[in-house]
$ cat query_19.csv   # CSV, C-alpha atoms
chain,number,residue,atom,x,y,z
A,1,MET,CA,64.5,31.1,-9.6
A,2,SER,CA,65.1,31.5,-6.0
A,3,LEU,CA,63.9,29.1,-3.4
A,4,ASN,CA,61.6,31.7,-2.0
A,5,THR,CA,59.9,32.3,-5.3
A,6,LEU,CA,59.5,28.5,-5.9
A,7,LEU,CA,58.0,28.1,-2.4
A,8,LEU,CA,55.6,31.0,-2.9
A,9,THR,CA,54.5,29.6,-6.3
A,10,ALA,CA,53.9,26.1,-4.7
A,11,LEU,CA,51.8,27.7,-1.9
A,12,ILE,CA,49.7,29.7,-4.4
A,13,LEU,CA,49.1,26.5,-6.5
A,14,LEU,CA,48.2,24.6,-3.3
A,15,PHE,CA,45.8,27.3,-2.3
A,16,ILE,CA,44.2,27.4,-5.7
A,17,LEU,CA,43.9,23.5,-5.6
A,18,LEU,CA,42.2,23.7,-2.2
A,19,LEU,CA,39.8,26.3,-3.4
A,20,LEU,CA,39.0,24.2,-6.4
A,21,LEU,CA,38.4,21.1,-4.2
A,22,LEU,CA,36.2,23.1,-1.9
A,23,TYR,CA,34.2,24.4,-4.8
A,24,LEU,CA,33.7,20.9,-6.2
A,25,TYR,CA,32.7,19.5,-2.8
A,26,LYS,CA,30.0,22.2,-2.4
A,27,ILE,CA,28.6,21.6,-5.9
A,28,ASN,CA,28.5,17.8,-5.3
A,29,ARG,CA,26.9,18.4,-1.9
A,30,LYS,CA,24.2,20.6,-3.4
A,31,LYS,CA,23.4,17.9,-6.0
A,32,LYS,CA,22.9,15.3,-3.2
A,33,VAL,CA,20.6,17.7,-1.2
A,34,VAL,CA,18.5,18.4,-4.3
A,35,ALA,CA,18.4,14.7,-5.2
A,36,THR,CA,17.4,13.7,-1.7
A,37,THR,CA,14.8,16.5,-1.5
A,38,SER,CA,13.3,15.4,-4.8
A,39,LYS,CA,13.1,11.8,-3.7
A,40,GLN,CA,11.4,12.8,-0.4
A,41,LYS,CA,8.8,14.9,-2.3
A,42,ASN,CA,8.0,11.9,-4.5
A,43,ILE,CA,7.5,9.5,-1.6
A,44,ASN,CA,3.9,8.4,-1.6
A,45,PRO,CA,2.8,6.8,1.7
A,46,LEU,CA,0.3,4.8,-0.3
A,47,ASP,CA,3.0,3.1,-2.4
A,48,LEU,CA,3.1,-0.2,-0.6
A,49,LYS,CA,4.9,-3.4,-0.7
A,50,LEU,CA,2.7,-6.4,-1.1
A,51,PRO,CA,1.4,-7.4,2.4
A,52,LEU,CA,2.5,-10.5,4.2
A,53,LEU,CA,-0.2,-12.9,5.0
A,54,PRO,CA,-0.6,-15.6,7.7
A,55,HIS,CA,1.1,-18.8,6.6
A,56,THR,CA,-2.2,-20.7,6.5
A,57,LEU,CA,-3.6,-18.2,4.0
A,58,ASN,CA,-0.4,-18.2,1.9
A,59,SER,CA,-0.4,-21.9,1.6
A,60,LEU,CA,-3.9,-22.0,0.0
A,61,SER,CA,-4.5,-22.4,-3.7
A,62,ASN,CA,-5.9,-19.6,-5.8
A,63,ASN,CA,-9.2,-21.5,-6.1
A,64,SER,CA,-9.5,-22.0,-2.3
A,65,ILE,CA,-8.9,-18.3,-1.8
A,66,ARG,CA,-11.5,-17.4,-4.5
A,67,GLU,CA,-14.1,-19.8,-2.9
A,68,VAL,CA,-13.7,-18.3,0.6
A,69,ALA,CA,-13.7,-14.7,-0.8
A,70,LYS,CA,-17.0,-15.6,-2.6
A,71,GLU,CA,-18.3,-16.8,0.8
A,72,VAL,CA,-17.3,-13.5,2.4
A,73,TYR,CA,-19.2,-11.7,-0.4
A,74,ASP,CA,-22.3,-13.9,0.1
A,75,VAL,CA,-22.3,-13.1,3.9
A,76,TYR,CA,-21.9,-9.4,3.0
A,77,LYS,CA,-24.8,-9.6,0.6
A,78,ILE,CA,-27.1,-11.4,3.1
A,79,LEU,CA,-26.4,-8.9,5.8
A,80,ASP,CA,-27.7,-6.1,3.5
A,81,TYR,CA,-25.4,-3.4,4.5
A,82,LYS,CA,-26.6,-1.2,1.7
A,83,ASN,CA,-29.8,-0.5,3.8
A,84,ASP,CA,-28.2,-0.4,7.3
A,85,GLU,CA,-26.0,2.6,7.8
A,86,GLU,CA,-25.3,1.9,11.4
A,87,GLU,CA,-24.0,-1.6,10.8
A,88,TYR,CA,-22.1,-0.4,7.7
A,89,LYS,CA,-19.8,1.8,9.8
A,90,ARG,CA,-19.4,-0.6,12.7
A,91,ASP,CA,-16.3,-2.8,13.0
A,92,SER,CA,-17.9,-6.2,12.7
A,93,TRP,CA,-15.6,-8.0,10.2
A,94,HIS,CA,-12.5,-9.9,11.4
A,95,SER,CA,-9.0,-10.0,10.1
A,96,TRP,CA,-9.3,-13.6,9.0
A,97,GLN,CA,-12.1,-12.8,6.6
A,98,VAL,CA,-10.4,-9.6,5.3
A,99,GLY,CA,-7.2,-11.7,4.9
A,100,PHE,CA,-8.8,-13.6,2.0
A,101,LEU,CA,-9.7,-10.4,0.2
A,102,VAL,CA,-6.1,-9.1,0.8
A,103,ALA,CA,-4.8,-12.4,-0.5
A,104,MET,CA,-6.8,-11.9,-3.7
A,105,TYR,CA,-5.3,-8.4,-4.0
A,106,LYS,CA,-1.9,-9.8,-3.5
A,107,ARG,CA,-2.3,-12.6,-6.1
A,108,GLU,CA,-4.2,-10.3,-8.5
A,109,LEU,CA,-7.3,-12.5,-8.5
A,110,GLU,CA,-10.6,-11.1,-9.8
A,111,LEU,CA,-13.7,-11.4,-7.6
A,112,PHE,CA,-16.7,-11.9,-9.8
A,113,ILE,CA,-19.7,-9.9,-8.5
A,114,PRO,CA,-22.6,-9.8,-10.9
A,115,ASP,CA,-24.8,-7.5,-8.9
A,116,CYS,CA,-22.6,-4.7,-7.5
A,117,LYS,CA,-25.3,-2.0,-7.8
A,118,GLU,CA,-27.8,-4.1,-5.7
A,119,VAL,CA,-25.3,-4.9,-3.0
A,120,PHE,CA,-22.9,-2.0,-2.4
A,121,HIS,CA,-23.5,1.6,-1.1
A,122,LYS,CA,-23.6,4.3,-3.7
A,123,GLU,CA,-20.5,5.9,-2.1
A,124,VAL,CA,-18.5,2.8,-3.0
A,125,LEU,CA,-19.9,2.6,-6.5
A,126,THR,CA,-19.5,6.2,-7.4
A,127,GLN,CA,-15.8,6.5,-6.4
A,128,SER,CA,-13.5,7.5,-9.2
A,129,PRO,CA,-10.9,4.9,-10.2
A,130,GLU,CA,-8.2,6.9,-8.4
A,131,SER,CA,-10.3,7.3,-5.3
A,132,LEU,CA,-11.0,3.6,-5.3
A,133,ARG,CA,-7.3,2.8,-5.6
A,134,ILE,CA,-6.4,5.1,-2.8
A,135,ALA,CA,-9.1,3.7,-0.5
A,136,THR,CA,-8.0,0.2,-1.3
A,137,LYS,CA,-4.4,1.0,-0.6
A,138,LYS,CA,-5.3,2.5,2.8
A,139,ILE,CA,-7.1,-0.7,3.6
A,140,ILE,CA,-4.0,-2.7,2.6
A,141,LYS,CA,-1.9,-0.4,4.7
A,142,LYS,CA,-4.2,-0.9,7.7
A,143,TYR,CA,-3.8,-4.7,7.2
A,144,GLN,CA,0.0,-4.4,7.2
A,145,ASP,CA,0.0,-2.2,10.3
A,146,LYS,CA,-2.7,-3.9,12.4
A,147,VAL,CA,-2.7,-7.6,11.6
A,148,ASN,CA,-0.1,-9.8,13.2
A,149,ILE,CA,0.4,-12.5,10.6
A,150,GLU,CA,2.0,-14.8,13.2
A,151,LYS,CA,-1.4,-15.2,14.9
A,152,THR,CA,-3.6,-18.2,14.3
A,153,LYS,CA,-6.9,-18.3,12.5
A,154,GLU,CA,-8.7,-18.4,15.9
A,155,VAL,CA,-7.1,-15.2,17.1
A,156,LEU,CA,-7.5,-13.4,13.8
A,157,SER,CA,-11.2,-14.4,13.8
A,158,LYS,CA,-11.6,-12.5,17.0
A,159,GLN,CA,-9.9,-9.3,15.7
A,160,LEU,CA,-13.0,-7.2,14.7
A,161,ILE,CA,-11.3,-4.1,13.3
A,162,TRP,CA,-12.9,-3.9,9.8
A,163,ASN,CA,-16.2,-2.3,8.9
A,164,ALA,CA,-18.5,-3.2,6.0
A,165,GLU,CA,-17.4,-0.1,4.1
A,166,GLU,CA,-13.8,-1.4,4.0
A,167,VAL,CA,-14.9,-4.9,3.1
A,168,ALA,CA,-17.1,-3.4,0.3
A,169,THR,CA,-14.3,-1.2,-1.0
A,170,LEU,CA,-12.0,-4.2,-1.2
A,171,MET,CA,-14.5,-6.4,-2.9
A,172,TYR,CA,-15.6,-3.7,-5.4
A,173,PHE,CA,-11.9,-3.0,-6.3
A,174,LEU,CA,-11.3,-6.8,-6.8
A,175,SER,CA,-14.4,-7.0,-9.0
A,176,LYS,CA,-13.4,-3.9,-11.1
A,177,TYR,CA,-9.7,-4.4,-11.5
A,178,GLU,CA,-8.7,-7.9,-12.5
A,179,ASN,CA,-5.0,-7.2,-12.8
A,180,SER,CA,-4.1,-4.7,-10.1
A,181,SER,CA,-0.3,-5.1,-10.2
A,182,LYS,CA,0.2,-1.6,-11.4
A,183,ASP,CA,-1.5,-0.4,-8.2
A,184,LYS,CA,1.0,-2.1,-6.0
A,185,SER,CA,4.6,-1.3,-5.2

$ encode --input "query_19.csv" --output "structure tokens"
Amino acid sequence: MSLNTLLLTALILLFILLLLLLYLYKINRKKKVVATTSKQKNINPLDLKLPLLPHTLNSLSNNSIREVAKEVYDVYKILDYKNDEEEYKRDSWHSWQVGFLVAMYKRELELFIPDCKEVFHKEVLTQSPESLRIATKKIIKKYQDKVNIEKTKEVLSKQLIWNAEEVATLMYFLSKYENSSKDKS
């Protein structure tokens, strides 16, 4: 074999090798694009990490959290939101109160409410389980986005950003789903 033939054969093999590498690169790249696209399609904005809570709330026992949440429920019941539509939609609940309900959600604690039908609006009571989960997750997301957990009880008690509908939804969820861990990410 001559040197020219050997050189030509080496160049042809090199060219074939480059084409093969380019082909494999394109195939691998397409797999990554498809995998990334699939992951992006499966992202649910309501899949949440458990919310962080103010240190004071975090340090309380489960029993203390339950007691205060029960007090929040008692206040809700006394204010009779079921029969006052205007007040039901007004932001009159503060982040400190809601924090106790969020703590119950985070710790998977049940809120015993014996008389849901007498206290809550029909729109809360008639939600499908999936609608109730979605509404609850939106409230948890709002808590994550709007509540600065570094603030004190006094500051959070002045942050009136919650309406009675949100409070009712959280309480109803906590009364219906004792173990809500599968609803959290």

$ closest_residue --input "query_19.csv" --among "A:Ser2, A:Thr126, A:Thr56, A:Gln97" --to "A:Glu166" --atoms "all atoms listed in the file"
A:Gln97

$ closest_atom_pairs --input "query_19.csv" --of "stretch 69-115 of chain A" --to "stretch 158-162 of chain A" --cutoff "7 Å" --atoms "all atoms listed in the file" --output "tab-separated table"
residue	atom	partner	partner_atom	distance
A:Asp91	CA	A:Trp162	CA	4.8
A:Ser92	CA	A:Leu160	CA	5.4
A:Trp93	CA	A:Trp162	CA	4.9
A:His94	CA	A:Leu160	CA	4.3
A:Ser95	CA	A:Gln159	CA	5.7

$ residues_around --input "query_19.csv" --residues "A:Cys116" --least-positions-apart "3" --cutoff "10 Å" --atoms "all atoms listed in the file" --output "list in words"
Lys77, Phe112, Ile113, Val119, Phe120, His121, Lys122, Val124, Leu125, Ala168, Met171, Tyr172, Ser175 and Lys176 of chain A

$ residues_around --input "query_19.csv" --residues "A:Ile65" --least-positions-apart "2" --cutoff "10 Å" --atoms "all atoms listed in the file" --output "PyMOL selection string"
chain A and resi 57-63+67-71+99-104+107+109

$ atom_distance --input "query_19.csv" --atom1 "atom CA of A:Arg90" --atom2 "atom CA of A:Asn148"
21.4 Å

$ closest_residue --input "query_19.csv" --among "A:Lys89, A:Lys151, A:Lys138, A:Lys146" --to "A:Ala164" --atoms "only C-alpha atoms"
A:Lys89

$ closest_residue --input "query_19.csv" --among "A:Ile140, A:Leu20, A:Ile78, A:Leu52" --to "A:Glu118" --atoms "all atoms listed in the file"
A:Ile78

$ residues_around --input "query_19.csv" --residues "A:Gln127" --least-positions-apart "6" --cutoff "10 Å" --atoms "all atoms listed in the file" --output "PyMOL selection string"
chain A and resi 133+135+169

$ write_last_selection --input "query_19.csv" --atoms "C-alpha atoms" --output "short mmCIF file (atom, residue, chain, number, x, y, z; two decimals), in the coordinates of the input"
data_model
loop_
_atom_site.label_atom_id
_atom_site.label_comp_id
_atom_site.auth_asym_id
_atom_site.auth_seq_id
_atom_site.Cartn_x
_atom_site.Cartn_y
_atom_site.Cartn_z
CA ARG A 133 -7.30 2.80 -5.60
CA ALA A 135 -9.10 3.70 -0.50
CA THR A 169 -14.30 -1.20 -1.00
#

$ atom_distance --input "query_19.csv" --atom1 "atom CA of A:Asp74" --atom2 "atom CA of A:Leu50"
26.1 Å

$ atom_distance --input "query_19.csv" --atom1 "atom CA of A:Asn163" --atom2 "atom CA of A:Tyr88"
6.3 Å

$ closest_residue --input "query_19.csv" --among "A:Val98, A:Lys153, A:Leu19, A:Glu130" --to "A:Tyr76" --atoms "only C-alpha atoms"
A:Val98

$ closest_residue --input "query_19.csv" --among "A:Pro129, A:Leu53, A:Thr9, A:Leu79" --to "A:Tyr143" --atoms "only C-alpha atoms"
A:Leu53

$ closest_residue --input "query_19.csv" --among "A:Glu150, A:Asp145, A:Asp115, A:Glu87" --to "A:Pro51" --atoms "all atoms listed in the file"
A:Asp145

$ axis_aligned_box --input "query_19.csv" --around "stretch 9-17 of chain A" --padding-each-side "6 Å" --output "lines of an AutoDock Vina configuration file"
center_x = 49.2
center_y = 26.6
center_z = -4.2
size_x = 22.6
size_y = 18.2
size_z = 16.6
